[in-house]
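Shown next: data.txt, given as compact mmCIF, C-alpha atoms.
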```txt
# COMPACT_ATOMS: atom_id res chain seq x y z
CA MET A 1 89.18 147.09 32.01
CA VAL A 2 90.67 145.16 34.91
CA GLY A 3 94.11 143.66 35.20
CA ASN A 4 97.50 143.50 36.86
CA LEU A 5 100.84 141.74 36.61
CA GLY A 6 99.21 138.56 37.92
CA LEU A 7 97.54 138.14 34.53
CA PRO A 8 98.99 135.59 32.10
CA VAL A 9 101.45 137.15 29.64
CA ASN A 10 99.12 136.73 26.66
CA ARG A 11 96.24 138.34 28.54
CA ARG A 12 98.45 141.25 29.63
CA MET A 13 99.48 141.84 26.03
CA ILE A 14 95.82 141.93 24.97
CA VAL A 15 95.17 144.53 27.68
CA VAL A 16 98.16 146.59 26.54
CA GLU A 17 97.09 146.47 22.88
CA LYS A 18 93.56 147.60 23.74
CA LEU A 19 94.95 150.48 25.78
CA ALA A 20 97.13 151.54 22.85
CA GLU A 21 94.17 151.38 20.46
CA GLN A 22 92.00 153.55 22.70
CA PHE A 23 94.88 155.96 23.21
CA ALA A 24 95.42 156.40 19.48
CA GLU A 25 91.72 157.09 18.92
CA GLU A 26 90.85 159.26 21.92
CA GLY A 27 94.15 160.52 23.34
CA TYR A 28 93.74 158.63 26.59
CA ALA A 29 93.21 155.12 27.94
CA ILE A 30 92.26 153.78 31.38
CA TRP A 31 93.45 150.53 32.98
CA GLU A 32 91.10 150.05 35.92
CA ARG A 33 92.60 148.47 39.04
CA ALA A 34 95.96 147.92 37.38
CA PHE A 35 97.40 147.98 40.90
CA GLU A 36 96.08 145.78 43.69
CA PRO A 37 94.26 147.28 46.72
CA GLU A 38 97.25 146.59 48.99
CA GLU A 39 99.52 148.40 46.53
CA ALA A 40 97.20 151.42 46.48
CA GLU A 41 97.22 151.37 50.28
CA ARG A 42 101.04 151.44 50.27
CA MET A 43 100.93 154.36 47.86
CA ARG A 44 98.66 156.28 50.25
CA GLU A 45 101.05 155.54 53.11
CA GLU A 46 103.95 156.90 51.07
CA ALA A 47 101.92 159.99 50.23
CA ASP A 48 101.30 160.57 53.95
CA SER A 49 105.00 160.19 54.78
CA ILE A 50 105.99 162.65 52.07
CA LEU A 51 103.36 165.15 53.23
CA GLU A 52 104.66 164.96 56.81
CA LEU A 53 108.26 165.39 55.65
CA ILE A 54 107.57 168.42 53.48
CA ILE A 55 105.26 170.25 55.89
CA ASN A 56 107.40 169.62 58.98
CA SER A 57 110.52 170.66 57.06
CA THR A 58 108.70 173.82 56.00
CA ILE A 59 107.80 174.62 59.61
CA ALA A 60 111.29 173.79 60.91
CA HIS A 61 112.96 176.24 58.52
CA GLY A 62 110.25 178.92 58.50
CA ARG A 63 110.44 178.66 54.72
CA LYS A 64 107.86 177.07 52.42
CA SER A 65 109.37 174.18 50.51
CA GLY A 66 109.65 174.77 46.78
CA ARG A 67 108.02 171.37 46.32
CA LEU A 68 104.86 172.38 48.19
CA ASP A 69 101.75 173.86 46.59
CA ILE A 70 99.33 174.70 49.40
CA LEU A 71 96.43 177.12 49.45
CA GLU A 72 93.79 178.56 51.74
CA THR A 73 90.21 177.80 50.71
CA GLU A 74 86.98 178.89 52.36
CA ALA A 75 86.94 175.51 54.12
CA GLY A 76 90.55 175.77 55.31
CA GLN A 77 94.00 174.79 54.10
CA LEU A 78 94.36 172.35 51.23
CA VAL A 79 97.52 170.75 49.83
CA ARG A 80 97.22 170.96 46.07
CA LYS A 81 100.46 169.34 44.91
CA ILE A 82 103.97 168.21 45.87
CA GLN A 83 106.61 168.03 43.12
CA PRO A 84 108.98 166.30 42.55
CA ILE A 85 108.49 163.04 44.43
CA ASN A 86 110.74 160.15 43.43
CA ASP A 87 113.77 161.18 45.47
CA LEU A 88 111.53 161.17 48.58
CA SER A 89 110.11 157.65 48.17
CA LEU A 90 111.94 154.55 47.00
CA TYR A 91 108.60 152.79 46.61
CA LEU A 92 107.12 155.43 44.32
CA ALA A 93 110.38 155.64 42.36
CA ARG A 94 110.01 151.92 41.69
CA VAL A 95 106.36 152.38 40.72
CA SER A 96 107.51 154.80 38.00
CA GLU A 97 109.44 151.87 36.47
CA ASP A 98 106.64 149.32 36.87
CA ALA A 99 105.72 147.23 33.83
CA ARG A 100 102.08 148.27 34.23
CA LEU A 101 103.22 151.75 33.25
CA LEU A 102 106.11 151.02 30.92
CA ASP A 103 104.59 148.21 28.82
CA PRO A 104 101.62 150.34 27.64
CA LEU A 105 103.95 153.32 27.14
CA ARG A 106 106.33 151.25 25.00
CA THR A 107 103.43 150.17 22.80
CA ILE A 108 101.95 153.68 22.58
CA MET A 109 105.31 155.35 21.84
CA GLY A 110 106.94 152.61 19.80
CA ASP A 111 110.08 153.41 21.77
CA GLU A 112 111.58 153.08 25.25
CA PRO A 113 109.90 155.52 27.68
CA VAL A 114 112.20 157.74 29.77
CA LEU A 115 110.91 159.49 32.90
CA MET A 116 110.78 163.27 32.51
CA GLU A 117 108.93 164.46 35.62
CA GLU A 118 106.71 163.29 38.42
CA LYS A 119 104.24 165.05 40.70
CA LEU A 120 101.64 164.05 43.25
CA ASN A 121 98.41 166.02 43.02
CA TYR A 122 97.01 165.65 46.54
CA LYS A 123 93.92 167.86 46.57
CA GLU A 124 94.02 167.06 50.28
CA PRO A 125 92.11 169.14 52.86
CA LEU A 126 93.84 169.68 56.19
CA PRO A 127 91.28 169.37 59.02
CA GLU A 128 93.43 171.54 61.29
CA LYS A 129 95.24 174.70 60.20
CA VAL A 130 99.02 174.42 60.08
CA PRO A 131 100.42 177.70 61.39
CA GLY A 132 103.34 179.54 59.85
CA ILE A 133 102.84 178.47 56.23
CA ASP A 134 102.37 181.04 53.48
CA CYS A 135 99.50 179.76 51.35
CA GLY A 136 99.69 182.60 48.85
CA GLY A 137 96.66 184.38 47.51
CA ARG A 138 94.98 181.49 45.73
CA VAL A 139 91.71 180.12 47.17
CA ASP A 140 90.67 177.65 44.45
CA ASP A 141 92.11 174.14 44.04
CA ARG A 142 90.72 173.57 40.58
CA PHE A 143 92.96 173.15 37.56
CA PRO A 144 92.04 175.22 34.46
CA ILE A 145 91.16 173.80 31.02
CA HIS A 146 94.56 173.17 29.44
CA SER A 147 96.89 170.71 27.79
CA ASP A 148 100.28 169.81 29.26
CA TRP A 149 101.87 170.57 25.90
CA ALA A 150 101.04 174.25 26.45
CA TYR A 151 103.65 174.16 29.24
CA TYR A 152 106.09 171.69 27.69
CA LYS A 153 106.57 173.46 24.38
CA ALA A 154 108.07 176.51 26.09
CA GLN A 155 111.06 174.27 26.95
CA ASP A 156 111.17 172.68 23.49
CA TYR A 157 110.09 169.31 24.87
CA PRO A 158 108.71 166.78 22.37
CA GLN A 159 104.99 166.63 21.71
CA THR A 160 105.25 162.83 22.05
CA ILE A 161 105.35 163.01 25.86
CA VAL A 162 102.81 160.68 27.47
CA SER A 163 101.68 160.94 31.09
CA SER A 164 100.30 158.23 33.35
CA ALA A 165 98.10 159.12 36.31
CA ILE A 166 97.72 156.57 39.10
CA ALA A 167 94.73 157.01 41.41
CA PHE A 168 95.77 156.50 45.03
CA ASP A 169 92.20 157.18 46.13
CA ASP A 170 88.81 156.34 44.65
CA CYS A 171 87.94 159.10 42.18
CA SER A 172 84.29 160.12 42.52
CA PRO A 173 82.42 163.19 41.22
CA ASP A 174 82.74 165.13 44.49
CA THR A 175 86.54 164.73 44.74
CA GLY A 176 87.26 167.05 41.81
CA PRO A 177 88.35 164.23 39.48
CA LEU A 178 90.36 164.65 36.33
CA HIS A 179 88.04 165.91 33.57
CA ILE A 180 89.05 165.28 29.95
CA TRP A 181 87.95 166.09 26.40
CA PRO A 182 88.40 162.82 24.44
CA GLY A 183 89.89 163.32 20.99
CA SER A 184 91.22 166.81 21.80
CA HIS A 185 94.79 165.50 21.36
CA ARG A 186 94.48 165.89 17.58
CA GLU A 187 95.05 169.66 17.69
CA ASP A 188 97.27 172.10 19.56
CA LEU A 189 94.67 174.52 20.91
CA PRO A 190 95.81 178.10 21.71
CA HIS A 191 96.21 179.03 25.38
CA GLU A 192 96.43 182.24 27.36
CA ARG A 193 97.82 182.89 30.83
CA ASN A 194 95.61 183.96 33.74
CA HIS A 195 95.77 183.77 37.55
CA LEU A 196 95.29 179.98 37.39
CA GLY A 197 98.05 179.37 34.86
CA LEU A 198 97.69 178.51 31.18
CA GLU A 199 94.15 177.99 29.92
CA VAL A 200 92.60 177.23 26.52
CA ILE A 201 91.37 180.49 24.99
CA PRO A 202 87.54 180.67 25.26
CA GLY A 203 85.73 179.62 22.13
CA HIS A 204 88.19 176.90 21.18
CA ILE A 205 86.59 174.16 23.28
CA ASP A 206 83.19 173.64 24.91
CA PRO A 207 83.70 174.26 28.65
CA GLU A 208 80.56 172.21 29.37
CA GLY A 209 81.86 169.25 27.36
CA GLY A 210 84.23 166.46 28.29
CA ILE A 211 83.90 163.63 30.79
CA ASP A 212 84.98 162.95 34.36
CA VAL A 213 87.53 160.19 34.88
CA LEU A 214 85.81 158.16 37.61
CA ALA A 215 87.89 155.17 38.63
CA PRO A 216 88.73 153.19 41.75
CA ALA A 217 92.03 153.41 43.57
CA GLY A 218 94.82 151.58 41.77
CA SER A 219 93.60 152.57 38.31
CA VAL A 220 95.94 154.18 35.75
CA MET A 221 95.07 156.65 33.02
CA PHE A 222 97.48 157.28 30.15
CA PHE A 223 97.07 160.57 28.31
CA HIS A 224 98.65 162.48 25.44
CA SER A 225 100.42 165.79 26.09
CA LEU A 226 97.88 167.52 23.83
CA LEU A 227 94.81 166.07 25.56
CA VAL A 228 92.78 168.93 27.03
CA HIS A 229 91.82 168.41 30.67
CA ASN A 230 91.01 170.17 33.91
CA SER A 231 89.40 169.45 37.28
CA ARG A 232 86.83 171.03 39.55
CA PRO A 233 87.38 171.80 43.24
CA ASN A 234 87.40 168.88 45.65
CA VAL A 235 84.33 169.23 47.90
CA SER A 236 84.36 165.70 49.34
CA GLY A 237 86.35 166.40 52.50
CA ARG A 238 88.72 163.59 51.42
CA PRO A 239 91.95 163.75 49.40
CA ARG A 240 92.09 162.93 45.70
CA ARG A 241 95.69 161.84 45.34
CA LEU A 242 96.76 161.34 41.75
CA MET A 243 100.38 160.40 41.03
CA ILE A 244 101.38 161.69 37.62
CA TYR A 245 104.47 160.41 35.84
CA SER A 246 105.43 161.87 32.45
CA HIS A 247 107.67 159.94 30.08
CA TYR A 248 109.24 160.90 26.75
CA PRO A 249 110.43 158.51 24.00
CA GLU A 250 114.13 157.69 24.25
CA ALA A 251 114.72 158.94 20.69
CA ALA A 252 113.99 162.50 21.90
CA ASP A 253 117.32 162.39 23.80
CA MET A 254 116.36 165.04 26.36
CA GLY A 255 118.88 164.10 29.03
CA HIS A 256 118.35 163.00 32.62
CA ASP A 257 116.01 164.79 35.05
CA VAL A 258 116.20 168.08 33.19
CA ARG A 259 112.78 169.24 34.40
CA ASN A 260 112.73 168.28 38.08
CA GLY A 261 116.45 168.04 38.81
CA PRO A 262 117.06 171.70 39.75
CA ARG A 263 114.28 171.64 42.35
CA ARG A 264 115.59 168.41 43.89
CA LEU A 265 119.03 170.00 44.27
CA GLU A 266 117.56 173.17 45.77
CA GLU A 267 115.27 171.49 48.28
CA SER A 268 117.14 168.39 49.45
CA PRO A 269 119.64 170.29 51.69
CA PHE A 270 116.72 171.77 53.64
CA GLU A 271 115.13 168.33 54.04
CA TRP A 272 118.36 166.74 55.23
CA GLU A 273 118.93 169.59 57.68
CA TYR A 274 115.38 169.17 58.99
CA GLN A 275 116.11 165.47 59.59
CA ARG A 276 119.24 166.40 61.56
CA MET A 277 117.30 168.96 63.59
CA ARG A 278 114.68 166.33 64.35
CA GLN A 279 117.20 163.65 65.33
CA SER A 280 119.15 166.01 67.58
CA GLY A 281 116.02 167.24 69.35
CA ILE A 282 116.31 170.81 68.05
CA PHE A 283 112.97 170.41 66.30
CA GLU A 284 109.97 168.24 67.16
CA ASP A 285 107.41 167.41 64.50
CA VAL A 286 104.16 169.31 64.85
CA PHE A 287 102.27 167.94 61.84
CA SER A 288 100.87 164.46 61.26
CA ALA A 289 99.06 163.47 58.09
CA PRO A 290 95.29 163.34 58.63
CA VAL A 291 93.52 159.99 58.41
CA PHE A 292 90.74 159.52 55.87
CA GLU A 293 88.46 156.63 55.01
CA GLN A 294 88.21 155.49 51.42
CA SER A 295 84.87 155.95 49.68
CA ALA A 296 82.78 152.89 48.82
CA ALA A 297 83.67 152.90 45.10
```
Transcribe the structure of this file into structure tokens.
Amino acid sequence: MVGNLGLPVNRRMIVVEKLAEQFAEEGYAIWERAFEPEEAERMREEADSILELIINSTIAHGRKSGRLDILETEAGQLVRKIQPINDLSLYLARVSEDARLLDPLRTIMGDEPVLMEEKLNYKEPLPEKVPGIDCGGRVDDRFPIHSDWAYYKAQDYPQTIVSSAIAFDDCSPDTGPLHIWPGSHREDLPHERNHLGLEVIPGHIDPEGGIDVLAPAGSVMFFHSLLVHNSRPNVSGRPRRLMIYSHYPEAADMGHDVRNGPRRLEESPFEWEYQRMRQSGIFEDVFSAPVFEQSAA
């Protein structure tokens, strides 16, 4: 399915209705190339700027940012995730309010969507090791088989949360794409905690089942909080940046930024101080975001 805001209004509404129909049936829906190539390029540029900010701030303070999820694999360092994001990028904050996200969400929810959290899953290999960063003990960038609701329900969040994942990069089989089990949103499967996080208890879903979400940059996938998903390790040598926004229906009345707000407040003073150190010459940036070519998707 291809489309963007340049489509006539009636055509856009047809696209939105089809997305909502697929979502109701399978727990997910994909709008391929909802965003134009130049928009996806801008998103990648923003991702690079955020990565440079967070890693250089980490180095400047000798303290790993609470936003940064980085690990050491056999191939070297890999940035798994940065969260939250919107207070670091005006452009991405505006994307979270874009009609290409909100119109389908309004139709799916039957209510006004309210942003609950946002995170950027980078899965980005770093060609050169960045010294002085604690990568923890984890060596695997894969995400376990789980549903987001397994995490949300611990905070009494509504099951009606819907997430939208925007592909900044072309998602191909070797990049460790999102892997989903269509129709699994109809049941709350039991989870258990292991070293990877929460995972569906073995025997409740076929680990060999499901499908990869293979889509070009600029595509958006909407998925239910109960939809079971995971991803394999990224072995492509390129990043697989996936911007995930999660919205709840306004009727849930959860309040503003209750999930990501505390981390923003904790981390922003360190980021502002890093900027002052940089401007005054106390600290000079040592990390630049690596440059990657897009695949021929």
Counting all atoms listed in the file, which of A:Pro125, A:Pro216, A:Gly66, A:Pro239 gets nearest to Trp31 in chain A?
->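 Ranked by minimum distance to Trp31 in chain A, first place goes to A:Pro216.
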Which value, in Å to one decimal, gives the distance between CA of Leu196 in chain A and CA of Asn234 in chain A?
->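 CA of Leu196 in chain A sits 15.9 Å away from CA of Asn234 in chain A.
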Suppose you want the space between CA of Pro249 in chain A and CA of Ile145 in chain A; what is it in Å?
->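 Separation between CA of Pro249 in chain A and CA of Ile145 in chain A: 25.6 Å.
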Within 10 Å of (98.1, 148.8, 26.7), only C-alpha atoms: residues as a list in words?
-> Arg12, Met13, Ile14, Val15, Val16, Glu17, Lys18, Leu19, Ala20, Glu21, Gln22, Phe23, Ala29, Ile30, Trp31, Arg100, Leu101, Leu102, Asp103, Pro104, Leu105, Arg106, Thr107, Ile108 and Phe222 of chain A
Which one of A:Phe143, A:Tyr122, A:Tyr152, A:Phe270 sits closest to Arg238 in chain A if you count all atoms listed in the file?
->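 Among the listed residues, the smallest separation from Arg238 in chain A belongs to A:Tyr122.
In this model, the gap between CA of Pro177 in chain A and CA of Arg264 in chain A comes to 27.9 Å.
When only C-alpha atoms are used to compute distances to Pro131 in chain A, the closest of the residues A:Glu192, A:Glu72, A:Glu26, A:Glu266 turns out to be A:Glu72.
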Take the point (104.3, 169.5, 50.7) as written in the file and pick out every residue within 7 Å of it, counting all atoms listed in the file; give the list as an MDAnalysis selection string.
-> chainID A and resid 51 54:55 65 67:69 79 81:82
Which one of A:Glu208, A:Glu250, A:Asp134, A:Glu97 sits closest to Glu118 in chain A if you count all atoms listed in the file?
->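 Using all atoms listed in the file, Glu118 in chain A sits closest to A:Glu97.
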Which residues, written as a PyMOL selection string, have at least one atom at most 9 Å from Glu117 in chain A, with all atoms listed in the file counted and residues fewer than 6 positions away on the same chain left out?
-> chain A and resi 83-85+244-247+257-261
Skip Gly218 in chain A itself and residues of its chain fewer than 2 positions away, then list as a PyMOL selection string all residues within 6 Å of it, counting all atoms listed in the file.
-> chain A and resi 33-35+40+167-168
Could you give me, as a PyMOL selection string, the residues within 7 Å of Trp149 in chain A, counting all atoms listed in the file and dropping anything in the same chain fewer than 5 positions from it?
-> chain A and resi 159+225-226
Might you pull out every residue within 9 Å of Glu199 in chain A, with only C-alpha atoms counted and same-chain residues fewer than 2 positions away left off, and present them as a list in words?
->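 Contacts, with the query itself left out: Pro144, Ile145, His146, Ser147, Ala150, Pro190, His191, Glu192, Arg193, Asn194, Leu196, Gly197, Ile201 and Pro202 of chain A.
Of the residues under consideration (A:Pro269, A:Ser280, A:Asp170, A:Val235), A:Val235 shows the shortest atom-to-atom contact distance to Glu74 in chain A when counting only C-alpha atoms.
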